[in-house]
Structures are given as structure tokens and as C-alpha cells.
Amino acid sequence: MKKVYGSAAEALDGVLADGMLIAAGGFGLCGIPELLLQAIKEDGAKNLTFASNNAGVDDFGIGILLHTKQVKKMISSYVGENAEFMRQYLSGELELEFNPQGTLAERMRAGGCGIPGFYTKTGVGTVIAEGKEVKSFNGEDYILEQGIVADLSIVKAWKADETGNLVFRKTSRNFNPPAAMCGKVCVAEVEEIVPTGSLDPDHIHLPGIYVHRLIQGTHEKRIEQRTTRPRAG
């Protein structure tokens with residue numbers, strides 16, 4: 001099965017459509033599938049729902065799709081760095097489903113593992129619990145959260161082999177693996193594709209069985225908030 005494609009647009013051809021639920025990897029500005037997001041922008045697909053930890057910033061990440069009004073709903077944990085996100089939400093232009101970070105990651109992982117739902121204490125007694133089933137275990141309340149199964153997953157990894165085995169670097173492992181797992185189709189962009197068999201099996205973070213299409217590209221290295229201190233001496 002051929003998994004390596006020549007560009008992000010080619011990799012999304014035939015799998016991207018209006019109204020999709022898309023699971024997107026990334027944490028802050030780390031591990032964002034920027035080439036695939038740009039290709040979605042250029043395609044013009046609209047009425048999209050994104051399940052993603054955050055929406056990037058105004059000119060990077062999912063933020064570029066907010067500006068073009070291609071996103072109708074976000075399922076997210078943190079949205080504090082995106083002014084356009086805030087404007088659209090407060091004006092009623094954008095739907096928002098808040099999830100605690102761990103809950104969102106587990107919803108994706110559960111969906112990828114064929115688990116339709118799970119119980120968690122996180123959110124009990126808060127607005128997060130509104131409308132959700134509550135069940136008591138050992139005298140304590142838990143709320144039912146549903147697993148996420150996305151129409152499409154888009155993720156970014158550091159390395160891949162030609163069969164789609166992925167290696168992530170540092171913080172990009174937070175949401176990219178569970179996002180990749182929960183998609184009916186997963187498209188990954190990577191910095192380097194190496195020959196099959198050259199990756200140490202113990203160093204593979206996501207098996208290639210989850211990855212359907214793959215591209216290699218050049219990526220921008222952004223820092224969300226640069227913090228420095230004066231040099232000593």
C-alpha cells in the first residue's frame with residue numbers, strides 16, 4: 001500500500017470534504033500539522049469541526065482557518081492565545097465545546113481503541129458535567145465521556161518510515177498520537193522519511209497501522225511565548 005505522497009494537497013485529495021470532524025495534533029505551537037492545515041485552507045473545505053487541544057494563534061495553526069471562516073465548531077481545551085477565536089466565539093459565529101486536557105486526550109485515545117465511552121472524575125460538579133450521565137463507583141461520582149472517532153486525522157511527527165511508523169519529539173507527543181489513532185483516515189506530515197526497517201522498533205511512538213497517508217516537508221519552528229533572562233556577568 002503506497003502511503004507516501006508528494007504534497008499535502010495530494011495527500012488530502014479524496015479524503016477532505018465539507019462538514020467533516022477533523023482531529024488535529026499539536027500542543028500550543030508545537031507539533032502542529034501546518035502544511036496540512038494550509039492545504040485545507042487552500043482547498044476551501046467549510047463547516048469543519050476540529051477536535052484539537054488549541055486553535056493555534058491568529059496566523060498559525062487552526063487560526064488560519066478561523067480567518068477564512070472554514071471552522072464552525074471547536075472541541076478544545078485551551079484557546080487563550082487566539083484573538084480571532086475569542087471574537088468569533090463571543091459574537092456567536094463559532095461553536096465551542098470545552099474539554100479538560102486529559103479528558104480530550106483520552107476521548108481521542110478511546111475512540112482509536114474502539115472504546116465508545118469512559119467514566120472520569122474530572123469535571124464532576126462543574127458545567128463540564130451538564131447533560132452527562134453520572135455514575136457512582138466506590139461512593140464517588142464520575143461522569144461519562146464519549147470517545148471521539150474523527151472522519152480525518154491530521155498530525156505532525158519528526159520521523160517516519162515508508163510504512164507510516166512515526167516518531168515524535170518531546171511535547172509533540174502529547175496530542176499527536178491520540179489524534180492520529182482516532183481518525184478513520186490519518187494523514188501525517190513529517191520532517192524526514194527514512195527507509196523501512198531503519199527505525200528502532202523500541203523508539204516508534206505510533207505504529208504505521210494507524211497512518212494511511214504520509215508527506216515530508218519543511219516546517220516552521222515557532223515559539224509561542226519567548227521568555228528569556230539576562231546573561232550572567
# chains A, B, ... in the order shown; residues from 1 in each chain; ligands from 1
>>> residues_around(residues="stretch 49-55 of chain A", least_positions_apart="2", cutoff="7 Å", atoms="only C-alpha atoms", output="ChimeraX atom specification")
/A:20-28,47,57,61-63,71-79,101
>>> residues_around(residues="A:Tyr5", least_positions_apart="3", cutoff="12 Å", atoms="only C-alpha atoms", output="number ranges by chain")
A: 1-2, 8-13, 162, 164, 187-190, 193, 212-217
>>> write_last_selection(atoms="C-alpha atoms", output="PDB file, in the first residue's frame")
ATOM      1  CA  MET A   1       0.000   0.000   0.000  1.00  0.00           C
ATOM      2  CA  LYS A   2       1.504   3.308  -1.100  1.00  0.00           C
ATOM      3  CA  ALA A   8      -0.185  17.989   1.421  1.00  0.00           C
ATOM      4  CA  ALA A   9      -2.788  18.705  -1.255  1.00  0.00           C
ATOM      5  CA  GLU A  10      -2.193  15.312  -2.876  1.00  0.00           C
ATOM      6  CA  ALA A  11      -2.405  13.553   0.492  1.00  0.00           C
ATOM      7  CA  LEU A  12      -5.781  15.169   1.250  1.00  0.00           C
ATOM      8  CA  ASP A  13      -7.210  14.558  -2.211  1.00  0.00           C
ATOM      9  CA  GLU A 162       7.680   4.418   4.409  1.00  0.00           C
ATOM     10  CA  GLY A 164       3.976   5.125   8.380  1.00  0.00           C
ATOM     11  CA  VAL A 187      -2.626  11.857   7.206  1.00  0.00           C
ATOM     12  CA  ALA A 188       0.765  12.637   8.758  1.00  0.00           C
ATOM     13  CA  GLU A 189       3.370  15.198   7.814  1.00  0.00           C
ATOM     14  CA  VAL A 190       6.962  14.625   8.919  1.00  0.00           C
ATOM     15  CA  ILE A 193      11.060   9.862   5.857  1.00  0.00           C
ATOM     16  CA  HIS A 212      -2.846   5.974   5.848  1.00  0.00           C
ATOM     17  CA  ARG A 213      -1.031   8.802   4.041  1.00  0.00           C
ATOM     18  CA  LEU A 214       2.302  10.496   4.594  1.00  0.00           C
ATOM     19  CA  ILE A 215       4.181  13.565   3.358  1.00  0.00           C
ATOM     20  CA  GLN A 216       7.603  15.039   4.029  1.00  0.00           C
ATOM     21  CA  GLY A 217       8.064  18.791   4.220  1.00  0.00           C
TER      22      GLY A 217
END
>>> residues_around(residues="A:Cys113", least_positions_apart="6", cutoff="12 Å", atoms="only C-alpha atoms", output="PyMOL selection string")
chain A and resi 106-107+147-149+177-184+210
>>> write_last_selection(atoms="all heavy atoms", output="short mmCIF file (atom, residue, chain, number, x, y, z; two decimals), in the first residue's frame")
data_model
loop_
_atom_site.label_atom_id
_atom_site.label_comp_id
_atom_site.auth_asym_id
_atom_site.auth_seq_id
_atom_site.Cartn_x
_atom_site.Cartn_y
_atom_site.Cartn_z
N GLU A 106 -7.91 11.57 26.25
CA GLU A 106 -8.45 10.23 26.44
C GLU A 106 -9.64 9.96 25.54
O GLU A 106 -9.84 8.83 25.08
CB GLU A 106 -8.85 10.03 27.91
CG GLU A 106 -9.45 8.67 28.23
CD GLU A 106 -8.52 7.49 27.94
OE1 GLU A 106 -7.30 7.70 27.76
OE2 GLU A 106 -9.01 6.35 27.89
N ARG A 107 -10.44 10.98 25.23
CA ARG A 107 -11.54 10.79 24.29
C ARG A 107 -11.00 10.36 22.92
O ARG A 107 -11.57 9.49 22.26
CB ARG A 107 -12.37 12.06 24.15
CG ARG A 107 -13.21 12.41 25.36
CD ARG A 107 -14.08 13.65 25.09
NE ARG A 107 -15.10 13.35 24.08
CZ ARG A 107 -15.81 14.28 23.47
NH1 ARG A 107 -15.61 15.57 23.74
NH2 ARG A 107 -16.74 13.94 22.59
N GLY A 147 -15.96 8.59 23.55
CA GLY A 147 -14.77 8.57 22.71
C GLY A 147 -15.02 9.33 21.41
O GLY A 147 -16.16 9.43 20.94
N ILE A 148 -13.96 9.89 20.85
CA ILE A 148 -14.05 10.64 19.60
C ILE A 148 -13.56 9.76 18.45
O ILE A 148 -12.46 9.21 18.51
CB ILE A 148 -13.21 11.93 19.66
CG1 ILE A 148 -13.82 12.92 20.65
CG2 ILE A 148 -13.07 12.57 18.27
CD1 ILE A 148 -12.98 14.16 20.88
N VAL A 149 -14.38 9.63 17.43
CA VAL A 149 -13.96 8.99 16.19
C VAL A 149 -14.10 10.05 15.09
O VAL A 149 -15.22 10.46 14.76
CB VAL A 149 -14.82 7.75 15.85
CG1 VAL A 149 -14.39 7.16 14.51
CG2 VAL A 149 -14.69 6.72 16.96
N PRO A 177 -0.24 11.53 18.96
CA PRO A 177 -0.58 10.09 18.87
C PRO A 177 -2.06 9.79 19.07
O PRO A 177 -2.65 9.07 18.24
CB PRO A 177 0.30 9.47 19.97
CG PRO A 177 1.47 10.39 20.08
CD PRO A 177 0.89 11.75 19.88
N PRO A 178 -2.73 10.32 20.11
CA PRO A 178 -4.16 10.02 20.23
C PRO A 178 -4.99 10.61 19.10
O PRO A 178 -5.98 10.01 18.67
CB PRO A 178 -4.55 10.60 21.59
CG PRO A 178 -3.50 11.60 21.92
CD PRO A 178 -2.25 11.08 21.29
N ALA A 179 -4.59 11.80 18.59
CA ALA A 179 -5.31 12.38 17.46
C ALA A 179 -5.19 11.48 16.24
O ALA A 179 -6.16 11.26 15.50
CB ALA A 179 -4.79 13.77 17.15
N ALA A 180 -4.00 10.94 16.01
CA ALA A 180 -3.79 10.05 14.87
C ALA A 180 -4.62 8.78 14.99
O ALA A 180 -5.18 8.28 14.01
CB ALA A 180 -2.31 9.70 14.75
N MET A 181 -4.73 8.26 16.20
CA MET A 181 -5.42 7.00 16.42
C MET A 181 -6.91 7.06 16.13
O MET A 181 -7.50 6.09 15.67
CB MET A 181 -5.23 6.54 17.87
CG MET A 181 -3.82 6.13 18.22
SD MET A 181 -3.63 5.83 20.00
CE MET A 181 -4.71 4.43 20.24
N CYS A 182 -7.52 8.23 16.38
CA CYS A 182 -8.99 8.27 16.36
C CYS A 182 -9.58 8.60 15.00
O CYS A 182 -10.80 8.64 14.85
CB CYS A 182 -9.50 9.27 17.40
SG CYS A 182 -9.31 11.01 16.97
N GLY A 183 -8.76 8.81 13.98
CA GLY A 183 -9.29 9.15 12.67
C GLY A 183 -9.58 7.93 11.81
O GLY A 183 -8.82 6.97 11.81
N LYS A 184 -10.68 7.97 11.08
CA LYS A 184 -10.96 6.91 10.11
C LYS A 184 -9.89 6.89 9.02
O LYS A 184 -9.55 5.84 8.49
CB LYS A 184 -12.34 7.12 9.49
CG LYS A 184 -13.49 7.01 10.49
CD LYS A 184 -14.82 7.34 9.84
CE LYS A 184 -15.95 7.31 10.86
NZ LYS A 184 -17.25 7.73 10.26
N TYR A 210 -1.91 2.86 11.97
CA TYR A 210 -2.84 3.98 12.16
C TYR A 210 -2.71 5.03 11.06
O TYR A 210 -3.56 5.91 10.95
CB TYR A 210 -2.58 4.66 13.50
CG TYR A 210 -3.02 3.86 14.70
CD1 TYR A 210 -2.09 3.25 15.53
CD2 TYR A 210 -4.37 3.72 15.02
CE1 TYR A 210 -2.48 2.53 16.65
CE2 TYR A 210 -4.78 3.00 16.13
CZ TYR A 210 -3.83 2.40 16.93
OH TYR A 210 -4.22 1.68 18.03
#
>>> residues_around(residues="A:Leu16", least_positions_apart="6", cutoff="12 Å", atoms="only C-alpha atoms", output="PyMOL selection string")
chain A and resi 8-10+22+36-37+39-48+150-154+184-187
>>> write_last_selection(atoms="C-alpha atoms", output="compact mmCIF listing (two decimals), in the first residue's frame")
# COMPACT_ATOMS: atom_id res chain seq x y z
CA ALA A 8 -0.19 17.99 1.42
CA ALA A 9 -2.79 18.70 -1.26
CA GLU A 10 -2.19 15.31 -2.88
CA ILE A 22 -11.11 16.55 11.97
CA LEU A 36 -1.91 20.05 6.02
CA LEU A 37 -3.76 22.97 7.61
CA ALA A 39 -3.72 22.72 2.25
CA ILE A 40 -7.15 22.63 3.91
CA LYS A 41 -7.26 26.42 3.70
CA GLU A 42 -6.38 26.37 0.02
CA ASP A 43 -8.94 23.62 -0.67
CA GLY A 44 -11.70 25.76 0.82
CA ALA A 45 -13.49 22.95 2.69
CA LYS A 46 -16.01 24.55 5.05
CA ASN A 47 -18.32 23.86 8.02
CA LEU A 48 -15.50 21.91 9.66
CA ALA A 150 -12.98 11.61 13.61
CA ASP A 151 -13.58 11.49 9.87
CA LEU A 152 -9.98 12.61 9.35
CA SER A 153 -6.87 12.96 11.49
CA ILE A 154 -4.00 15.31 10.63
CA LYS A 184 -10.96 6.91 10.11
CA VAL A 185 -8.23 8.23 7.81
CA CYS A 186 -4.96 9.60 9.20
CA VAL A 187 -2.63 11.86 7.21
>>> select_by_dssp(residues="stretch 15-222 of chain A", states="strand (DSSP E or B)", output="number ranges by chain")
A: 21-24, 27, 30, 48-51, 57, 60, 71-76, 95-98, 117-120, 134-137, 140-146, 150, 152-161, 166-167, 183, 186-194, 206, 213-216
>>> select_by_dssp(residues="stretch 20-216 of chain A", states="helix (DSSP H, G or I)", output="PDB file with N, CA and C atoms, in the first residue's frame")
ATOM      1  N   GLU A  34       1.117  21.945  10.155  1.00  0.00           N
ATOM      2  CA  GLU A  34       0.940  23.234   9.481  1.00  0.00           C
ATOM      3  C   GLU A  34       0.757  23.111   7.969  1.00  0.00           C
ATOM      4  N   LEU A  35       1.453  22.155   7.348  1.00  0.00           N
ATOM      5  CA  LEU A  35       1.334  22.009   5.896  1.00  0.00           C
ATOM      6  C   LEU A  35      -0.048  21.494   5.508  1.00  0.00           C
ATOM      7  N   LEU A  36      -0.575  20.575   6.289  1.00  0.00           N
ATOM      8  CA  LEU A  36      -1.911  20.049   6.021  1.00  0.00           C
ATOM      9  C   LEU A  36      -2.987  21.090   6.289  1.00  0.00           C
ATOM     10  N   LEU A  37      -2.803  21.899   7.329  1.00  0.00           N
ATOM     11  CA  LEU A  37      -3.761  22.971   7.608  1.00  0.00           C
ATOM     12  C   LEU A  37      -3.765  24.003   6.480  1.00  0.00           C
ATOM     13  N   GLN A  38      -2.586  24.313   5.949  1.00  0.00           N
ATOM     14  CA  GLN A  38      -2.517  25.251   4.826  1.00  0.00           C
ATOM     15  C   GLN A  38      -3.212  24.668   3.604  1.00  0.00           C
ATOM     16  N   ALA A  39      -3.055  23.372   3.394  1.00  0.00           N
ATOM     17  CA  ALA A  39      -3.717  22.724   2.254  1.00  0.00           C
ATOM     18  C   ALA A  39      -5.233  22.723   2.427  1.00  0.00           C
ATOM     19  N   ILE A  40      -5.714  22.557   3.662  1.00  0.00           N
ATOM     20  CA  ILE A  40      -7.154  22.630   3.913  1.00  0.00           C
ATOM     21  C   ILE A  40      -7.662  24.033   3.612  1.00  0.00           C
ATOM     22  N   LYS A  41      -6.880  25.033   4.003  1.00  0.00           N
ATOM     23  CA  LYS A  41      -7.258  26.418   3.702  1.00  0.00           C
ATOM     24  C   LYS A  41      -7.378  26.631   2.199  1.00  0.00           C
ATOM     25  N   GLU A  42      -6.389  26.164   1.464  1.00  0.00           N
ATOM     26  CA  GLU A  42      -6.383  26.365   0.017  1.00  0.00           C
ATOM     27  C   GLU A  42      -7.480  25.565  -0.675  1.00  0.00           C
ATOM     28  N   ASP A  43      -7.851  24.422  -0.108  1.00  0.00           N
ATOM     29  CA  ASP A  43      -8.943  23.617  -0.670  1.00  0.00           C
ATOM     30  C   ASP A  43     -10.284  24.320  -0.528  1.00  0.00           C
ATOM     31  N   GLY A  63      -5.794  28.622  13.495  1.00  0.00           N
ATOM     32  CA  GLY A  63      -6.132  30.041  13.402  1.00  0.00           C
ATOM     33  C   GLY A  63      -6.290  30.542  11.980  1.00  0.00           C
ATOM     34  N   ILE A  64      -5.535  29.983  11.038  1.00  0.00           N
ATOM     35  CA  ILE A  64      -5.641  30.446   9.649  1.00  0.00           C
ATOM     36  C   ILE A  64      -6.993  30.055   9.050  1.00  0.00           C
ATOM     37  N   LEU A  65      -7.598  28.964   9.568  1.00  0.00           N
ATOM     38  CA  LEU A  65      -8.904  28.535   9.073  1.00  0.00           C
ATOM     39  C   LEU A  65     -10.038  29.294   9.738  1.00  0.00           C
ATOM     40  N   LEU A  66      -9.782  29.848  10.923  1.00  0.00           N
ATOM     41  CA  LEU A  66     -10.774  30.712  11.554  1.00  0.00           C
ATOM     42  C   LEU A  66     -10.936  31.997  10.750  1.00  0.00           C
ATOM     43  N   HIS A  67      -9.828  32.521  10.256  1.00  0.00           N
ATOM     44  CA  HIS A  67      -9.877  33.766   9.486  1.00  0.00           C
ATOM     45  C   HIS A  67     -10.663  33.596   8.189  1.00  0.00           C
ATOM     46  N   ALA A  83      -6.920  35.648  19.351  1.00  0.00           N
ATOM     47  CA  ALA A  83      -7.874  36.754  19.449  1.00  0.00           C
ATOM     48  C   ALA A  83      -9.068  36.552  18.524  1.00  0.00           C
ATOM     49  N   GLU A  84      -8.841  36.012  17.320  1.00  0.00           N
ATOM     50  CA  GLU A  84      -9.938  35.796  16.381  1.00  0.00           C
ATOM     51  C   GLU A  84     -10.875  34.708  16.894  1.00  0.00           C
ATOM     52  N   PHE A  85     -10.308  33.694  17.525  1.00  0.00           N
ATOM     53  CA  PHE A  85     -11.132  32.665  18.157  1.00  0.00           C
ATOM     54  C   PHE A  85     -12.072  33.314  19.176  1.00  0.00           C
ATOM     55  N   MET A  86     -11.516  34.129  20.047  1.00  0.00           N
ATOM     56  CA  MET A  86     -12.313  34.787  21.071  1.00  0.00           C
ATOM     57  C   MET A  86     -13.398  35.662  20.451  1.00  0.00           C
ATOM     58  N   ARG A  87     -13.047  36.415  19.416  1.00  0.00           N
ATOM     59  CA  ARG A  87     -14.023  37.294  18.781  1.00  0.00           C
ATOM     60  C   ARG A  87     -15.178  36.497  18.190  1.00  0.00           C
ATOM     61  N   GLN A  88     -14.860  35.418  17.462  1.00  0.00           N
ATOM     62  CA  GLN A  88     -15.910  34.625  16.830  1.00  0.00           C
ATOM     63  C   GLN A  88     -16.788  33.932  17.864  1.00  0.00           C
ATOM     64  N   TYR A  89     -16.182  33.434  18.938  1.00  0.00           N
ATOM     65  CA  TYR A  89     -16.968  32.744  19.963  1.00  0.00           C
ATOM     66  C   TYR A  89     -17.914  33.714  20.664  1.00  0.00           C
ATOM     67  N   LEU A  90     -17.393  34.873  21.059  1.00  0.00           N
ATOM     68  CA  LEU A  90     -18.211  35.835  21.791  1.00  0.00           C
ATOM     69  C   LEU A  90     -19.309  36.440  20.919  1.00  0.00           C
ATOM     70  N   GLN A 101      -7.971  19.002  29.410  1.00  0.00           N
ATOM     71  CA  GLN A 101      -6.956  18.451  28.502  1.00  0.00           C
ATOM     72  C   GLN A 101      -6.863  16.931  28.569  1.00  0.00           C
ATOM     73  N   GLY A 102      -6.815  16.390  29.768  1.00  0.00           N
ATOM     74  CA  GLY A 102      -6.700  14.942  29.886  1.00  0.00           C
ATOM     75  C   GLY A 102      -7.909  14.225  29.339  1.00  0.00           C
ATOM     76  N   THR A 103      -9.085  14.814  29.543  1.00  0.00           N
ATOM     77  CA  THR A 103     -10.315  14.219  29.020  1.00  0.00           C
ATOM     78  C   THR A 103     -10.302  14.200  27.501  1.00  0.00           C
ATOM     79  N   LEU A 104      -9.859  15.309  26.880  1.00  0.00           N
ATOM     80  CA  LEU A 104      -9.818  15.374  25.422  1.00  0.00           C
ATOM     81  C   LEU A 104      -8.841  14.351  24.860  1.00  0.00           C
ATOM     82  N   ALA A 105      -7.660  14.249  25.469  1.00  0.00           N
ATOM     83  CA  ALA A 105      -6.681  13.265  25.010  1.00  0.00           C
ATOM     84  C   ALA A 105      -7.227  11.851  25.132  1.00  0.00           C
ATOM     85  N   GLU A 106      -7.906  11.567  26.246  1.00  0.00           N
ATOM     86  CA  GLU A 106      -8.452  10.226  26.445  1.00  0.00           C
ATOM     87  C   GLU A 106      -9.640   9.963  25.537  1.00  0.00           C
ATOM     88  N   ARG A 107     -10.436  10.978  25.228  1.00  0.00           N
ATOM     89  CA  ARG A 107     -11.541  10.787  24.285  1.00  0.00           C
ATOM     90  C   ARG A 107     -11.002  10.357  22.920  1.00  0.00           C
ATOM     91  N   MET A 108      -9.889  10.984  22.494  1.00  0.00           N
ATOM     92  CA  MET A 108      -9.280  10.604  21.223  1.00  0.00           C
ATOM     93  C   MET A 108      -8.705   9.194  21.296  1.00  0.00           C
ATOM     94  N   ARG A 109      -7.958   8.924  22.361  1.00  0.00           N
ATOM     95  CA  ARG A 109      -7.333   7.609  22.504  1.00  0.00           C
ATOM     96  C   ARG A 109      -8.405   6.517  22.563  1.00  0.00           C
ATOM     97  N   ALA A 110      -9.468   6.769  23.323  1.00  0.00           N
ATOM     98  CA  ALA A 110     -10.541   5.793  23.447  1.00  0.00           C
ATOM     99  C   ALA A 110     -11.181   5.513  22.093  1.00  0.00           C
ATOM    100  N   GLY A 111     -11.459   6.576  21.342  1.00  0.00           N
ATOM    101  CA  GLY A 111     -12.041   6.389  20.015  1.00  0.00           C
ATOM    102  C   GLY A 111     -11.153   5.541  19.128  1.00  0.00           C
ATOM    103  N   GLY A 112      -9.839   5.761  19.223  1.00  0.00           N
ATOM    104  CA  GLY A 112      -8.896   4.987  18.423  1.00  0.00           C
ATOM    105  C   GLY A 112      -8.793   3.543  18.845  1.00  0.00           C
ATOM    106  N   VAL A 127     -19.747  22.794  35.096  1.00  0.00           N
ATOM    107  CA  VAL A 127     -20.517  22.899  33.854  1.00  0.00           C
ATOM    108  C   VAL A 127     -20.125  21.796  32.867  1.00  0.00           C
ATOM    109  N   ILE A 128     -18.926  21.242  33.020  1.00  0.00           N
ATOM    110  CA  ILE A 128     -18.484  20.157  32.141  1.00  0.00           C
ATOM    111  C   ILE A 128     -19.426  18.960  32.252  1.00  0.00           C
ATOM    112  N   ALA A 129     -20.015  18.771  33.430  1.00  0.00           N
ATOM    113  CA  ALA A 129     -20.864  17.605  33.681  1.00  0.00           C
ATOM    114  C   ALA A 129     -22.300  17.787  33.204  1.00  0.00           C
ATOM    115  N   LYS A 170       9.501  15.145  21.873  1.00  0.00           N
ATOM    116  CA  LYS A 170       9.171  15.899  23.081  1.00  0.00           C
ATOM    117  C   LYS A 170       7.684  16.228  23.186  1.00  0.00           C
ATOM    118  N   THR A 171       7.342  17.521  23.335  1.00  0.00           N
ATOM    119  CA  THR A 171       5.961  17.916  23.634  1.00  0.00           C
ATOM    120  C   THR A 171       4.980  17.528  22.535  1.00  0.00           C
ATOM    121  N   SER A 172       5.463  17.336  21.324  1.00  0.00           N
ATOM    122  CA  SER A 172       4.541  16.982  20.236  1.00  0.00           C
ATOM    123  C   SER A 172       3.921  15.598  20.430  1.00  0.00           C
ATOM    124  N   ARG A 173       4.424  14.832  21.407  1.00  0.00           N
ATOM    125  CA  ARG A 173       3.813  13.528  21.707  1.00  0.00           C
ATOM    126  C   ARG A 173       2.523  13.664  22.509  1.00  0.00           C
ATOM    127  N   ASN A 176      -0.553  14.435  19.437  1.00  0.00           N
ATOM    128  CA  ASN A 176      -0.482  13.847  18.097  1.00  0.00           C
ATOM    129  C   ASN A 176      -0.798  12.356  18.062  1.00  0.00           C
ATOM    130  N   PRO A 177      -0.239  11.526  18.955  1.00  0.00           N
ATOM    131  CA  PRO A 177      -0.582  10.092  18.873  1.00  0.00           C
ATOM    132  C   PRO A 177      -2.061   9.792  19.068  1.00  0.00           C
ATOM    133  N   PRO A 178      -2.729  10.323  20.112  1.00  0.00           N
ATOM    134  CA  PRO A 178      -4.158  10.018  20.228  1.00  0.00           C
ATOM    135  C   PRO A 178      -4.986  10.614  19.103  1.00  0.00           C
ATOM    136  N   ALA A 179      -4.589  11.796  18.595  1.00  0.00           N
ATOM    137  CA  ALA A 179      -5.312  12.376  17.457  1.00  0.00           C
ATOM    138  C   ALA A 179      -5.193  11.479  16.236  1.00  0.00           C
ATOM    139  N   ALA A 180      -4.004  10.941  16.008  1.00  0.00           N
ATOM    140  CA  ALA A 180      -3.795  10.050  14.865  1.00  0.00           C
ATOM    141  C   ALA A 180      -4.620   8.783  14.988  1.00  0.00           C
ATOM    142  N   MET A 181      -4.728   8.263  16.205  1.00  0.00           N
ATOM    143  CA  MET A 181      -5.421   6.996  16.424  1.00  0.00           C
ATOM    144  C   MET A 181      -6.909   7.064  16.125  1.00  0.00           C
ATOM    145  N   PRO A 201      12.529  -0.399  16.587  1.00  0.00           N
ATOM    146  CA  PRO A 201      11.135  -0.654  16.996  1.00  0.00           C
ATOM    147  C   PRO A 201      10.801  -0.111  18.378  1.00  0.00           C
ATOM    148  N   ASP A 202      11.781  -0.073  19.288  1.00  0.00           N
ATOM    149  CA  ASP A 202      11.532   0.447  20.631  1.00  0.00           C
ATOM    150  C   ASP A 202      11.389   1.960  20.660  1.00  0.00           C
ATOM    151  N   HIS A 203      11.738   2.627  19.570  1.00  0.00           N
ATOM    152  CA  HIS A 203      11.661   4.084  19.514  1.00  0.00           C
ATOM    153  C   HIS A 203      10.445   4.583  18.734  1.00  0.00           C
ATOM    154  N   GLY A 208       2.540   2.193  12.271  1.00  0.00           N
ATOM    155  CA  GLY A 208       2.087   2.618  10.955  1.00  0.00           C
ATOM    156  C   GLY A 208       0.702   2.144  10.584  1.00  0.00           C
ATOM    157  N   ILE A 209       0.147   1.185  11.322  1.00  0.00           N
ATOM    158  CA  ILE A 209      -1.207   0.712  11.013  1.00  0.00           C
ATOM    159  C   ILE A 209      -2.235   1.830  11.157  1.00  0.00           C
ATOM    160  N   TYR A 210      -1.913   2.859  11.974  1.00  0.00           N
ATOM    161  CA  TYR A 210      -2.837   3.977  12.157  1.00  0.00           C
ATOM    162  C   TYR A 210      -2.714   5.027  11.059  1.00  0.00           C
TER     163      TYR A 210
END
>>> atom_distance(atom1="atom CA of A:Gly14", atom2="atom CA of A:Thr218")
23.5 Å
>>> atom_distance(atom1="atom CA of A:Lys159", atom2="atom CA of A:Cys30")
15.0 Å
>>> decode(residues="stretch 96-131 of chain A", atoms="C-alpha atoms", output="mmCIF file, in the first residue's frame")
data_model
loop_
_atom_site.group_PDB
_atom_site.id
_atom_site.type_symbol
_atom_site.label_atom_id
_atom_site.label_comp_id
_atom_site.auth_asym_id
_atom_site.auth_seq_id
_atom_site.Cartn_x
_atom_site.Cartn_y
_atom_site.Cartn_z
ATOM 1 C CA LEU A 96 -17.176 25.713 21.289
ATOM 2 C CA GLU A 97 -17.115 22.514 23.318
ATOM 3 C CA PHE A 98 -14.632 22.833 26.176
ATOM 4 C CA ASN A 99 -12.862 19.693 27.404
ATOM 5 C CA PRO A 100 -10.276 19.312 30.171
ATOM 6 C CA GLN A 101 -6.956 18.451 28.502
ATOM 7 C CA GLY A 102 -6.700 14.942 29.886
ATOM 8 C CA THR A 103 -10.315 14.219 29.020
ATOM 9 C CA LEU A 104 -9.818 15.374 25.422
ATOM 10 C CA ALA A 105 -6.681 13.265 25.010
ATOM 11 C CA GLU A 106 -8.452 10.226 26.445
ATOM 12 C CA ARG A 107 -11.541 10.787 24.285
ATOM 13 C CA MET A 108 -9.280 10.604 21.223
ATOM 14 C CA ARG A 109 -7.333 7.609 22.504
ATOM 15 C CA ALA A 110 -10.541 5.793 23.447
ATOM 16 C CA GLY A 111 -12.041 6.389 20.015
ATOM 17 C CA GLY A 112 -8.896 4.987 18.423
ATOM 18 C CA CYS A 113 -9.096 1.882 20.616
ATOM 19 C CA GLY A 114 -12.748 1.179 19.876
ATOM 20 C CA ILE A 115 -13.915 2.289 23.322
ATOM 21 C CA PRO A 116 -17.215 4.203 22.973
ATOM 22 C CA GLY A 117 -17.089 5.885 26.386
ATOM 23 C CA PHE A 118 -15.407 6.041 29.787
ATOM 24 C CA TYR A 119 -16.064 7.464 33.235
ATOM 25 C CA THR A 120 -13.888 10.164 34.810
ATOM 26 C CA LYS A 121 -13.967 12.312 37.950
ATOM 27 C CA THR A 122 -12.664 15.313 36.037
ATOM 28 C CA GLY A 123 -15.466 17.858 35.677
ATOM 29 C CA VAL A 124 -17.846 16.367 38.268
ATOM 30 C CA GLY A 125 -19.933 19.135 39.809
ATOM 31 C CA THR A 126 -18.994 21.687 37.134
ATOM 32 C CA VAL A 127 -20.517 22.899 33.854
ATOM 33 C CA ILE A 128 -18.484 20.157 32.141
ATOM 34 C CA ALA A 129 -20.864 17.605 33.681
ATOM 35 C CA GLU A 130 -24.069 19.249 32.440
ATOM 36 C CA GLY A 131 -26.193 16.822 30.435
#
